[in-house]
$ cat query08.tsv   # TSV, C-alpha atoms
chain	number	residue	atom	x	y	z
A	1	MET	CA	-65.60	56.39	6.64
A	2	ASN	CA	-66.13	59.37	4.40
A	3	PRO	CA	-66.80	58.55	0.78
A	4	ILE	CA	-64.18	59.42	-1.83
A	5	THR	CA	-65.32	62.69	-3.43
A	6	VAL	CA	-65.13	62.85	-7.21
A	7	LEU	CA	-65.41	65.61	-9.81
A	8	LEU	CA	-66.40	64.42	-13.30
A	9	ALA	CA	-65.08	66.54	-16.18
A	10	GLU	CA	-66.47	65.39	-19.53
A	11	ASP	CA	-68.06	67.55	-22.21
A	12	HIS	CA	-70.59	64.99	-23.45
A	13	MET	CA	-73.44	65.19	-20.99
A	14	ILE	CA	-74.90	61.81	-21.91
A	15	VAL	CA	-71.53	60.18	-21.28
A	16	ARG	CA	-71.02	62.13	-18.05
A	17	GLU	CA	-74.42	61.07	-16.73
A	18	GLY	CA	-73.63	57.50	-17.71
A	19	LEU	CA	-70.43	57.62	-15.67
A	20	ARG	CA	-72.37	59.14	-12.80
A	21	ALA	CA	-74.96	56.36	-12.99
A	22	LEU	CA	-72.14	53.80	-12.87
A	23	LEU	CA	-70.54	55.45	-9.83
A	24	LYS	CA	-73.87	55.72	-8.04
A	25	LEU	CA	-73.66	51.96	-7.52
A	26	GLU	CA	-70.52	52.40	-5.39
A	27	ALA	CA	-71.21	53.20	-1.73
A	28	ASP	CA	-67.72	54.54	-1.04
A	29	ILE	CA	-67.65	57.01	-3.95
A	30	GLU	CA	-69.58	60.26	-4.20
A	31	VAL	CA	-69.72	62.48	-7.29
A	32	VAL	CA	-69.69	66.02	-5.88
A	33	GLY	CA	-69.52	67.98	-9.13
A	34	GLU	CA	-69.62	67.88	-12.91
A	35	ALA	CA	-67.75	70.06	-15.38
A	36	GLU	CA	-68.34	70.25	-19.12
A	37	ASN	CA	-65.05	71.85	-20.11
A	38	GLY	CA	-61.55	72.23	-18.73
A	39	ARG	CA	-62.08	75.75	-17.48
A	40	GLN	CA	-65.06	74.70	-15.38
A	41	ALA	CA	-63.02	71.77	-14.11
A	42	VAL	CA	-60.28	74.12	-12.88
A	43	ALA	CA	-62.84	76.39	-11.19
A	44	LEU	CA	-64.76	73.52	-9.57
A	45	ALA	CA	-61.58	71.77	-8.46
A	46	SER	CA	-60.55	74.77	-6.40
A	47	LYS	CA	-64.08	75.31	-5.12
A	48	LEU	CA	-64.97	71.73	-4.20
A	49	CYS	CA	-61.53	70.25	-3.43
A	50	PRO	CA	-62.52	66.76	-4.61
A	51	ASP	CA	-60.30	63.81	-3.71
A	52	VAL	CA	-60.25	62.59	-7.30
A	53	ILE	CA	-60.95	64.25	-10.65
A	54	VAL	CA	-61.95	62.13	-13.64
A	55	MET	CA	-60.85	64.23	-16.60
A	56	ASP	CA	-61.68	63.75	-20.27
A	57	ILE	CA	-58.91	65.02	-22.58
A	58	ALA	CA	-60.82	66.36	-25.56
A	59	MET	CA	-62.97	69.18	-24.21
A	60	PRO	CA	-63.83	72.62	-25.61
A	61	LEU	CA	-62.35	75.93	-24.40
A	62	LEU	CA	-59.66	74.26	-22.30
A	63	ASN	CA	-58.65	70.65	-22.86
A	64	GLY	CA	-58.16	68.13	-20.09
A	65	MET	CA	-54.38	68.19	-20.26
A	66	GLU	CA	-54.06	71.91	-19.70
A	67	ALA	CA	-56.76	71.78	-17.03
A	68	THR	CA	-54.84	69.01	-15.27
A	69	ARG	CA	-51.65	71.05	-15.36
A	70	GLN	CA	-53.38	74.08	-13.87
A	71	ILE	CA	-55.13	72.08	-11.16
A	72	LEU	CA	-51.94	70.32	-10.09
A	73	GLN	CA	-50.05	73.60	-10.00
A	74	THR	CA	-52.40	75.04	-7.41
A	75	SER	CA	-53.14	71.82	-5.54
A	76	PRO	CA	-50.46	69.20	-6.14
A	77	SER	CA	-52.11	66.60	-3.90
A	78	THR	CA	-55.21	66.31	-6.11
A	79	LYS	CA	-55.48	62.98	-7.90
A	80	VAL	CA	-56.39	63.23	-11.54
A	81	ILE	CA	-57.47	60.24	-13.64
A	82	VAL	CA	-57.35	61.07	-17.30
A	83	LEU	CA	-59.99	59.52	-19.54
A	84	SER	CA	-58.97	59.22	-23.16
A	85	ALA	CA	-59.83	57.47	-26.37
A	86	HIS	CA	-56.13	57.14	-27.20
A	87	SER	CA	-53.81	54.46	-25.91
A	88	ASP	CA	-50.57	55.22	-27.77
A	89	ASP	CA	-47.45	55.72	-25.66
A	90	ALA	CA	-46.82	59.29	-26.79
A	91	TYR	CA	-50.23	60.30	-25.52
A	92	VAL	CA	-49.91	58.46	-22.23
A	93	ASP	CA	-46.44	59.95	-21.70
A	94	GLN	CA	-47.66	63.46	-22.25
A	95	VAL	CA	-50.42	63.00	-19.70
A	96	MET	CA	-48.30	61.28	-17.07
A	97	ALA	CA	-45.62	63.96	-17.43
A	98	LEU	CA	-48.22	66.43	-16.23
A	99	GLY	CA	-48.44	64.58	-12.95
A	100	ALA	CA	-51.74	62.78	-13.48
A	101	SER	CA	-52.26	59.79	-11.19
A	102	GLY	CA	-54.08	57.56	-13.63
A	103	TYR	CA	-54.87	56.95	-17.26
A	104	LEU	CA	-58.02	55.15	-18.39
A	105	ILE	CA	-58.85	54.50	-22.00
A	106	LYS	CA	-62.52	54.68	-22.87
A	107	GLN	CA	-62.32	51.17	-24.33
A	108	THR	CA	-61.85	49.92	-20.75
A	109	ALA	CA	-64.69	48.13	-18.97
A	110	ALA	CA	-66.75	50.34	-16.70
A	111	HIS	CA	-66.05	48.40	-13.51
A	112	VAL	CA	-62.45	49.56	-13.79
A	113	LEU	CA	-63.45	53.16	-13.08
A	114	PRO	CA	-64.31	52.75	-9.37
A	115	GLN	CA	-61.26	50.53	-9.00
A	116	ALA	CA	-59.07	53.28	-10.52
A	117	ILE	CA	-60.64	55.90	-8.26
A	118	ARG	CA	-59.89	53.82	-5.15
A	119	GLU	CA	-56.32	53.10	-6.21
A	120	VAL	CA	-55.32	56.69	-6.99
A	121	HIS	CA	-57.06	57.83	-3.82
A	122	GLN	CA	-54.63	55.62	-1.92
A	123	GLY	CA	-51.74	57.26	-3.70
A	124	LYS	CA	-51.10	54.52	-6.24
A	125	PRO	CA	-50.89	55.14	-9.97
A	126	PHE	CA	-53.49	53.41	-12.13
A	127	PHE	CA	-53.53	52.54	-15.81
A	128	SER	CA	-56.02	50.69	-17.96
A	129	PRO	CA	-54.99	47.03	-17.94
A	130	SER	CA	-53.92	47.14	-21.60
A	131	ILE	CA	-51.57	50.04	-20.94
A	132	SER	CA	-50.12	49.04	-17.57
A	133	LYS	CA	-48.37	46.05	-19.13
A	134	ARG	CA	-46.21	48.35	-21.20
A	135	ARG	CA	-45.58	50.95	-18.53
A	136	SER	CA	-43.00	49.78	-16.00
A	137	ASP	CA	-40.13	49.64	-18.51
A	138	HIS	CA	-41.12	52.84	-20.02
A	139	ASP	CA	-41.14	54.77	-16.73
A	140	LYS	CA	-37.65	53.63	-15.89
A	141	LYS	CA	-36.41	54.98	-19.21
A	142	ALA	CA	-38.14	58.30	-18.63
A	143	LYS	CA	-36.60	58.56	-15.18
A	144	ALA	CA	-33.18	57.79	-16.65
A	145	ARG	CA	-33.66	60.58	-19.18
A	146	GLY	CA	-34.57	62.93	-16.35
A	147	ASP	CA	-37.92	63.97	-17.74
A	148	LEU	CA	-39.44	66.71	-15.64
A	149	PRO	CA	-43.09	66.62	-14.63
A	150	GLY	CA	-45.34	69.49	-15.62
A	151	LYS	CA	-43.57	70.64	-18.76
A	152	THR	CA	-45.56	71.94	-21.73
A	153	ILE	CA	-44.94	71.30	-25.40
A	154	ALA	CA	-42.36	73.48	-27.16
A	155	GLY	CA	-41.81	75.52	-24.02
A	156	LEU	CA	-45.16	77.28	-24.29
A	157	THR	CA	-46.49	78.86	-21.12
A	158	SER	CA	-49.78	77.71	-19.67
A	159	ARG	CA	-51.40	80.90	-20.94
A	160	GLU	CA	-50.02	80.35	-24.42
A	161	MET	CA	-51.45	76.83	-24.44
A	162	GLU	CA	-54.85	78.27	-23.53
A	163	VAL	CA	-54.64	80.84	-26.33
A	164	LEU	CA	-53.47	78.16	-28.78
A	165	GLN	CA	-56.59	76.07	-28.10
A	166	LEU	CA	-58.95	79.03	-28.49
A	167	VAL	CA	-57.26	80.09	-31.75
A	168	ALA	CA	-57.48	76.52	-33.03
A	169	GLU	CA	-61.17	76.42	-32.12
A	170	GLY	CA	-61.65	79.42	-34.42
A	171	LYS	CA	-62.28	82.01	-31.71
A	172	ALA	CA	-61.65	85.66	-32.61
A	173	ASN	CA	-59.21	87.55	-30.37
A	174	LYS	CA	-62.10	89.39	-28.77
A	175	GLU	CA	-63.87	86.14	-27.83
A	176	SER	CA	-60.64	84.68	-26.47
A	177	ALA	CA	-60.10	87.84	-24.42
A	178	GLU	CA	-63.57	87.49	-22.90
A	179	GLU	CA	-63.08	83.80	-22.19
A	180	LEU	CA	-59.78	84.37	-20.40
A	181	HIS	CA	-60.72	87.70	-18.80
A	182	ILE	CA	-57.74	89.50	-20.28
A	183	SER	CA	-57.43	92.30	-22.86
A	184	VAL	CA	-57.41	91.80	-26.62
A	185	LYS	CA	-53.96	93.32	-26.61
A	186	THR	CA	-52.67	90.68	-24.22
A	187	ILE	CA	-54.24	87.94	-26.37
A	188	GLU	CA	-52.40	89.36	-29.39
A	189	LYS	CA	-49.17	89.37	-27.44
A	190	HIS	CA	-49.56	85.71	-26.40
A	191	ARG	CA	-50.54	84.75	-29.94
A	192	GLN	CA	-47.47	86.47	-31.34
A	193	SER	CA	-45.21	84.88	-28.78
A	194	LEU	CA	-46.52	81.35	-29.30
A	195	MET	CA	-46.27	81.71	-33.07
A	196	GLU	CA	-42.64	82.72	-32.70
A	197	LYS	CA	-41.88	79.82	-30.36
A	198	LEU	CA	-43.50	77.35	-32.75
A	199	ASN	CA	-42.24	79.13	-35.85
A	200	ILE	CA	-45.74	78.98	-37.33
A	201	HIS	CA	-47.13	82.16	-38.78
A	202	ASP	CA	-50.69	81.60	-39.95
A	203	THR	CA	-53.87	80.46	-38.25
A	204	ALA	CA	-54.56	77.45	-40.48
A	205	SER	CA	-51.14	75.97	-39.78
A	206	LEU	CA	-51.56	76.74	-36.10
A	207	THR	CA	-54.84	74.79	-36.10
A	208	ARG	CA	-53.22	71.85	-37.86
A	209	TYR	CA	-50.42	71.94	-35.29
A	210	ALA	CA	-52.92	72.02	-32.42
A	211	ILE	CA	-54.63	68.92	-33.82
A	212	SER	CA	-51.32	67.11	-34.38
A	213	VAL	CA	-50.21	67.54	-30.76
A	214	GLY	CA	-53.63	66.78	-29.32
A	215	VAL	CA	-54.58	70.26	-28.09
A	216	ILE	CA	-57.85	69.85	-29.95
A	217	GLU	CA	-59.35	66.93	-31.82
A	218	SER	CA	-60.15	67.10	-35.48
A	219	SER	CA	-63.91	67.57	-35.65
A	220	VAL	CA	-64.13	65.73	-38.95
A	221	GLN	CA	-64.36	62.12	-37.86
A	222	VAL	CA	-66.39	60.82	-40.74
A	223	THR	CA	-66.34	61.82	-44.35
A	224	ILE	CA	-69.52	63.43	-45.56
A	225	ILE	CA	-70.70	61.18	-48.36
B	1	MET	CA	-96.52	45.01	-22.48
B	2	ASN	CA	-93.23	43.83	-23.85
B	3	PRO	CA	-90.30	46.13	-23.23
B	4	ILE	CA	-88.70	47.99	-26.16
B	5	THR	CA	-85.61	46.01	-27.15
B	6	VAL	CA	-82.44	47.98	-27.80
B	7	LEU	CA	-79.06	47.24	-29.33
B	8	LEU	CA	-76.27	49.60	-28.21
B	9	ALA	CA	-73.47	50.16	-30.74
B	10	GLU	CA	-70.63	52.23	-29.28
B	11	ASP	CA	-66.91	51.43	-29.38
B	12	HIS	CA	-65.98	52.93	-26.00
B	13	MET	CA	-66.93	50.27	-23.48
B	14	ILE	CA	-67.00	52.65	-20.53
B	15	VAL	CA	-69.43	54.90	-22.43
B	16	ARG	CA	-71.52	51.94	-23.58
B	17	GLU	CA	-71.84	50.59	-20.05
B	18	GLY	CA	-72.74	54.07	-18.87
B	19	LEU	CA	-75.57	54.22	-21.41
B	20	ARG	CA	-76.66	50.78	-20.32
B	21	ALA	CA	-76.67	51.94	-16.67
B	22	LEU	CA	-78.86	54.90	-17.68
B	23	LEU	CA	-81.30	52.62	-19.51
B	24	ARG	CA	-81.45	50.13	-16.65
B	25	LEU	CA	-83.52	52.71	-14.78
B	26	GLU	CA	-86.27	52.45	-17.41
B	27	SER	CA	-88.63	49.53	-16.90
B	28	ASP	CA	-90.05	49.67	-20.44
B	29	ILE	CA	-86.67	49.44	-22.17
B	30	GLU	CA	-84.41	46.42	-22.36
B	31	VAL	CA	-80.88	46.39	-23.78
B	32	VAL	CA	-80.61	43.05	-25.59
B	33	GLY	CA	-77.17	43.46	-27.11
B	34	GLU	CA	-74.00	45.55	-27.33
B	35	ALA	CA	-71.75	46.06	-30.34
B	36	GLU	CA	-68.32	47.66	-30.28
B	37	ASN	CA	-67.98	48.42	-33.98
B	38	GLY	CA	-70.17	48.86	-37.03
B	39	GLN	CA	-69.65	45.34	-38.34
B	40	GLN	CA	-70.81	43.82	-35.08
B	41	ALA	CA	-73.78	46.17	-35.10
B	42	VAL	CA	-74.83	44.91	-38.52
B	43	ALA	CA	-74.42	41.29	-37.46
B	44	TYR	CA	-76.27	41.70	-34.14
B	45	ALA	CA	-79.05	43.71	-35.74
B	46	ARG	CA	-79.72	40.78	-38.05
B	47	GLN	CA	-79.41	38.23	-35.27
B	48	LEU	CA	-81.35	39.96	-32.49
B	49	CYS	CA	-83.88	42.03	-34.47
B	50	PRO	CA	-83.99	44.78	-31.82
B	51	ASP	CA	-86.77	47.38	-31.95
B	52	ILE	CA	-84.20	50.17	-31.73
B	53	ILE	CA	-80.51	50.47	-32.49
B	54	VAL	CA	-78.56	53.25	-30.77
B	55	MET	CA	-75.60	53.86	-33.08
B	56	ASP	CA	-72.44	55.86	-32.42
B	57	ILE	CA	-70.97	57.39	-35.59
B	58	ALA	CA	-67.23	57.20	-35.01
B	59	MET	CA	-66.46	53.49	-34.65
B	60	PRO	CA	-63.64	51.28	-35.93
B	61	LEU	CA	-63.92	48.80	-38.82
B	62	LEU	CA	-67.21	50.21	-40.07
B	63	ASN	CA	-68.54	53.59	-39.03
B	64	GLY	CA	-72.04	54.05	-37.67
B	65	LEU	CA	-73.46	55.70	-40.76
B	66	ASP	CA	-72.35	52.92	-43.09
B	67	ALA	CA	-73.58	50.36	-40.59
B	68	THR	CA	-76.95	52.13	-40.48
B	69	ARG	CA	-77.17	52.04	-44.25
B	70	LEU	CA	-76.46	48.30	-44.35
B	71	ILE	CA	-78.93	47.55	-41.57
B	72	LEU	CA	-81.70	49.54	-43.26
B	73	GLU	CA	-81.00	47.89	-46.60
B	74	ALA	CA	-81.50	44.48	-45.05
B	75	SER	CA	-84.42	45.45	-42.82
B	76	PRO	CA	-86.05	48.75	-43.76
B	77	SER	CA	-88.33	48.76	-40.71
B	78	ALA	CA	-85.41	48.85	-38.25
B	79	LYS	CA	-85.21	52.06	-36.26
B	80	VAL	CA	-81.80	53.60	-35.79
B	81	ILE	CA	-80.96	56.48	-33.45
B	82	VAL	CA	-77.63	57.99	-34.39
B	83	LEU	CA	-75.49	59.19	-31.47
B	84	SER	CA	-73.04	61.91	-32.41
B	85	ALA	CA	-70.75	64.55	-30.98
B	86	HIS	CA	-71.52	66.86	-33.89
B	87	GLY	CA	-74.56	69.11	-34.08
B	88	ASP	CA	-73.81	70.50	-37.55
B	89	LYS	CA	-76.74	70.51	-39.90
B	90	ALA	CA	-74.75	68.59	-42.53
B	91	TYR	CA	-74.32	65.63	-40.21
B	92	ILE	CA	-77.97	65.57	-39.19
B	93	GLU	CA	-79.10	65.82	-42.83
B	94	GLN	CA	-76.79	63.02	-43.80
B	95	ALA	CA	-78.11	60.74	-41.06
B	96	LYS	CA	-81.68	61.53	-42.13
B	97	ALA	CA	-80.85	60.91	-45.78
B	98	ILE	CA	-79.73	57.36	-45.08
B	99	GLY	CA	-82.92	56.73	-43.14
B	100	ALA	CA	-81.98	57.11	-39.46
B	101	ALA	CA	-85.09	57.67	-37.33
B	102	GLY	CA	-83.34	59.78	-34.70
B	103	TYR	CA	-80.28	61.89	-34.08
B	104	LEU	CA	-79.05	62.40	-30.55
B	105	LEU	CA	-76.18	64.68	-29.58
B	106	LYS	CA	-73.78	63.41	-26.94
B	107	GLN	CA	-73.98	66.87	-25.38
B	108	THR	CA	-77.62	66.08	-24.56
B	109	ALA	CA	-78.80	65.12	-21.07
B	110	GLY	CA	-78.98	61.40	-20.29
B	111	ASN	CA	-82.76	61.44	-19.89
B	112	ALA	CA	-83.09	62.33	-23.60
B	113	LEU	CA	-82.00	58.81	-24.51
B	114	PRO	CA	-85.05	56.92	-23.19
B	115	ARG	CA	-87.26	59.72	-24.53
B	116	ALA	CA	-85.71	59.35	-27.97
B	117	ILE	CA	-86.07	55.57	-27.83
B	118	ARG	CA	-89.78	55.80	-26.97
B	119	ALA	CA	-90.44	58.49	-29.58
B	120	VAL	CA	-88.72	56.57	-32.36
B	121	HIS	CA	-90.38	53.32	-31.29
B	122	SER	CA	-93.80	54.93	-31.66
B	123	GLY	CA	-92.91	55.94	-35.20
B	124	LYS	CA	-91.87	59.55	-34.61
B	125	SER	CA	-88.55	61.02	-35.56
B	126	PHE	CA	-86.32	62.57	-32.93
B	127	VAL	CA	-83.57	65.16	-33.19
B	128	SER	CA	-81.95	66.26	-29.95
B	129	PRO	CA	-81.87	69.99	-29.19
B	130	ALA	CA	-79.34	71.71	-31.42
B	131	ARG	CA	-77.79	73.43	-28.47
B	132	ALA	CA	-76.79	71.35	-25.50
B	133	ASN	CA	-78.03	72.51	-22.14
B	134	THR	CA	-75.27	74.34	-20.37
B	135	LEU	CA	-74.28	73.24	-16.94
B	136	GLN	CA	-74.93	75.41	-13.94
B	137	TYR	CA	-72.15	75.90	-11.43
B	138	PRO	CA	-73.19	74.23	-8.19
$ encode --input "query08.tsv" --output "structure tokens"
Amino acid sequence: MNPITVLLAEDHMIVREGLRALLKLEADIEVVGEAENGRQAVALASKLCPDVIVMDIAMPLLNGMEATRQILQTSPSTKVIVLSAHSDDAYVDQVMALGASGYLIKQTAAHVLPQAIREVHQGKPFFSPSISKRRSDHDKKAKARGDLPGKTIAGLTSREMEVLQLVAEGKANKESAEELHISVKTIEKHRQSLMEKLNIHDTASLTRYAISVGVIESSVQVTII
Amino acid sequence: MNPITVLLAEDHMIVREGLRALLRLESDIEVVGEAENGQQAVAYARQLCPDIIVMDIAMPLLNGLDATRLILEASPSAKVIVLSAHGDKAYIEQAKAIGAAGYLLKQTAGNALPRAIRAVHSGKSFVSPARANTLQYP
């Protein structure tokens, strides 16, 4: 039987290589590529067509959520397992609404990773044990509400989400234009449009908003003493 | 020769086990304990007296920098390598100021970890390259 092909998307190289070392022990799983940000993940997903993508959420340039959305838009059969430090329902909901197949919190034991890869490969959803207990109820409610998969926050387009992250990361319009291969003018247009949709009109507030909805993580994790 | 004994302090189990898997490939290094928060790290450091402590910064209950400070207060010869996602000078300076022997960025390649452990064990200080190596497209 062919091994299950896996793309690892995680910005911390030492963590990524650790995951790779763990998966090397599994004969039926083969890591075929590694990405260090969401944009690379999108590019490598279409190039390598892996069976499963293990996707960190907090990554520079393009976060794992937006990358997942873009990957599933072009190839809906790809299985994405999101790797996150957060286990709260709101976070899990947001990710599952994108159409991800699995959700693993980083606090989970490592032997769960190959198990998750095998499960989602067979078309089953997979959650970290601590989350799965809460899920079944929750999904029924979401279905009853008629939640649609693939929606973005506040009705922003995929492009606007990309621009929001780059603005929040402090990129100048010119840098964002280069990153996205579009003109500065178009960046300005998207920026304007997303500010109107969110009713936020300065960069600092936009950055705070991006942190609050998980588009980027606050880089200040410890107080400088 | 005895292997270099290491305590891993990192709250994300999947990351910690990944680091352990990387270190398993090194015959001269032995992971003797794992801590999932700063308080445990302080307790295990006292209990196990490891040669090296690899310490994540962002951890619950007690962060890695405060844990490092407490460990070095109790045993000044302990060698701590701080593991951090942040390459800013201010963070590195701060880790140095409290007496950490090494500073390793998570953006660094996995093979830097055993190198850092050996360097620090032989009494040198170690700061991982300020800029992480960028990945090549396959």
$ closest_residue --input "query08.tsv" --among "B:Gly110, B:Pro76, B:Gly123, B:Gly102" --to "chain A" --atoms "all atoms listed in the file"
B:Gly110
$ closest_residue --input "query08.tsv" --among "B:Leu62, B:Val82, B:Ala109, B:Ala116" --to "chain A" --atoms "only C-alpha atoms"
B:Ala109
$ residues_around --input "query08.tsv" --residues "stretch 18-29 of chain A" --least-positions-apart "4" --cutoff "12 Å" --atoms "all atoms listed in the file" --output "PyMOL selection string"
(chain A and resi 1-10+12-14+33-34+50-56+83+106+109-118+121) or (chain B and resi 13-25+106+108-111+113)
$ residues_around --input "query08.tsv" --residues "A:Ile57" --least-positions-apart "3" --cutoff "8 Å" --atoms "only C-alpha atoms" --output "VMD selection string"
chain A and resid 63 to 65 82 to 84
$ atom_distance --input "query08.tsv" --atom1 "atom CA of A:Ser101" --atom2 "atom CA of A:Cys49"
16.0 Å
$ atom_distance --input "query08.tsv" --atom1 "atom CA of B:Thr68" --atom2 "atom CA of A:Thr108"
24.9 Å
$ residues_around --input "query08.tsv" --residues "A:Ser176" --least-positions-apart "4" --cutoff "9 Å" --atoms "all atoms listed in the file" --output "list in words"
Val163, Leu166, Val167, Lys171, Ala172, Leu180, His181, Ile182, Val184 and Ile187 of chain A
$ closest_residue --input "query08.tsv" --among "B:Arg69, B:His121, B:His86, B:Lys96" --to "chain A" --atoms "all atoms listed in the file"
B:His86
$ closest_residue --input "query08.tsv" --among "B:Asp11, B:Asp88, B:Glu93, B:Glu30" --to "B:Ile52" --atoms "only C-alpha atoms"
B:Glu30
$ residues_around --input "query08.tsv" --residues "B:Gln94" --least-positions-apart "4" --cutoff "12 Å" --atoms "only C-alpha atoms" --output "ChimeraX atom specification"
/A:222-225 /B:57,64-66,68-69,82,86-90,98-103
$ atom_distance --input "query08.tsv" --atom1 "atom CA of B:Pro50" --atom2 "atom CA of A:Gln107"
23.8 Å
$ closest_residue --input "query08.tsv" --among "B:Ala41, B:Ala74, B:Met55, B:Leu83" --to "chain A" --atoms "only C-alpha atoms"
B:Leu83
$ closest_residue --input "query08.tsv" --among "B:Ala58, B:Val127, B:Val31, B:Leu70" --to "chain A" --atoms "all atoms listed in the file"
B:Ala58
$ residues_near_point --input "query08.tsv" --point "(-50.7, 65.0, -30.9)" --cutoff "12 Å" --atoms "all atoms listed in the file" --output "VMD selection string"
chain A and resid 57 to 58 65 86 88 to 95 153 207 to 218
$ build_atoms --input "query08.tsv" --residues "stretch 47-64 of chain A" --atoms "N, CA and C atoms" --output "mmCIF file, keeping the file's coordinate frame"
data_model
loop_
_atom_site.group_PDB
_atom_site.id
_atom_site.type_symbol
_atom_site.label_atom_id
_atom_site.label_comp_id
_atom_site.auth_asym_id
_atom_site.auth_seq_id
_atom_site.Cartn_x
_atom_site.Cartn_y
_atom_site.Cartn_z
ATOM 1 N N LYS A 47 -62.922 75.021 -5.968
ATOM 2 C CA LYS A 47 -64.080 75.310 -5.120
ATOM 3 C C LYS A 47 -64.467 74.102 -4.265
ATOM 4 N N LEU A 48 -64.444 72.921 -4.884
ATOM 5 C CA LEU A 48 -64.970 71.730 -4.200
ATOM 6 C C LEU A 48 -63.890 70.859 -3.558
ATOM 7 N N CYS A 49 -62.631 71.082 -3.937
ATOM 8 C CA CYS A 49 -61.530 70.250 -3.430
ATOM 9 C C CYS A 49 -61.861 68.764 -3.440
ATOM 10 N N PRO A 50 -62.191 68.195 -4.583
ATOM 11 C CA PRO A 50 -62.520 66.760 -4.610
ATOM 12 C C PRO A 50 -61.263 65.924 -4.387
ATOM 13 N N ASP A 51 -61.445 64.710 -3.884
ATOM 14 C CA ASP A 51 -60.300 63.810 -3.710
ATOM 15 C C ASP A 51 -59.743 63.411 -5.076
ATOM 16 N N VAL A 52 -60.661 63.102 -5.997
ATOM 17 C CA VAL A 52 -60.250 62.590 -7.300
ATOM 18 C C VAL A 52 -61.008 63.331 -8.405
ATOM 19 N N ILE A 53 -60.293 63.636 -9.490
ATOM 20 C CA ILE A 53 -60.950 64.250 -10.650
ATOM 21 C C ILE A 53 -60.837 63.293 -11.834
ATOM 22 N N VAL A 54 -61.965 62.947 -12.425
ATOM 23 C CA VAL A 54 -61.950 62.130 -13.640
ATOM 24 C C VAL A 54 -62.059 63.103 -14.806
ATOM 25 N N MET A 55 -61.004 63.145 -15.630
ATOM 26 C CA MET A 55 -60.850 64.230 -16.600
ATOM 27 C C MET A 55 -60.753 63.704 -18.032
ATOM 28 N N ASP A 56 -61.743 64.049 -18.839
ATOM 29 C CA ASP A 56 -61.680 63.750 -20.270
ATOM 30 C C ASP A 56 -60.604 64.634 -20.896
ATOM 31 N N ILE A 57 -59.938 64.174 -21.943
ATOM 32 C CA ILE A 57 -58.910 65.020 -22.580
ATOM 33 C C ILE A 57 -59.536 66.001 -23.557
ATOM 34 N N ALA A 58 -60.292 65.486 -24.518
ATOM 35 C CA ALA A 58 -60.820 66.360 -25.560
ATOM 36 C C ALA A 58 -62.043 67.110 -25.057
ATOM 37 N N MET A 59 -61.847 68.356 -24.650
ATOM 38 C CA MET A 59 -62.970 69.180 -24.210
ATOM 39 C C MET A 59 -62.809 70.579 -24.794
ATOM 40 N N PRO A 60 -63.928 71.274 -25.026
ATOM 41 C CA PRO A 60 -63.830 72.620 -25.610
ATOM 42 C C PRO A 60 -63.287 73.647 -24.610
ATOM 43 N N LEU A 61 -62.864 74.764 -25.133
ATOM 44 C CA LEU A 61 -62.350 75.930 -24.400
ATOM 45 C C LEU A 61 -61.005 75.680 -23.709
ATOM 46 N N LEU A 62 -60.939 74.619 -22.926
ATOM 47 C CA LEU A 62 -59.660 74.260 -22.300
ATOM 48 C C LEU A 62 -59.650 72.731 -22.232
ATOM 49 N N ASN A 63 -58.634 72.121 -22.837
ATOM 50 C CA ASN A 63 -58.650 70.650 -22.860
ATOM 51 C C ASN A 63 -58.224 70.073 -21.504
ATOM 52 N N GLY A 64 -58.413 68.780 -21.358
ATOM 53 C CA GLY A 64 -58.160 68.130 -20.090
ATOM 54 C C GLY A 64 -56.705 68.139 -19.658
#
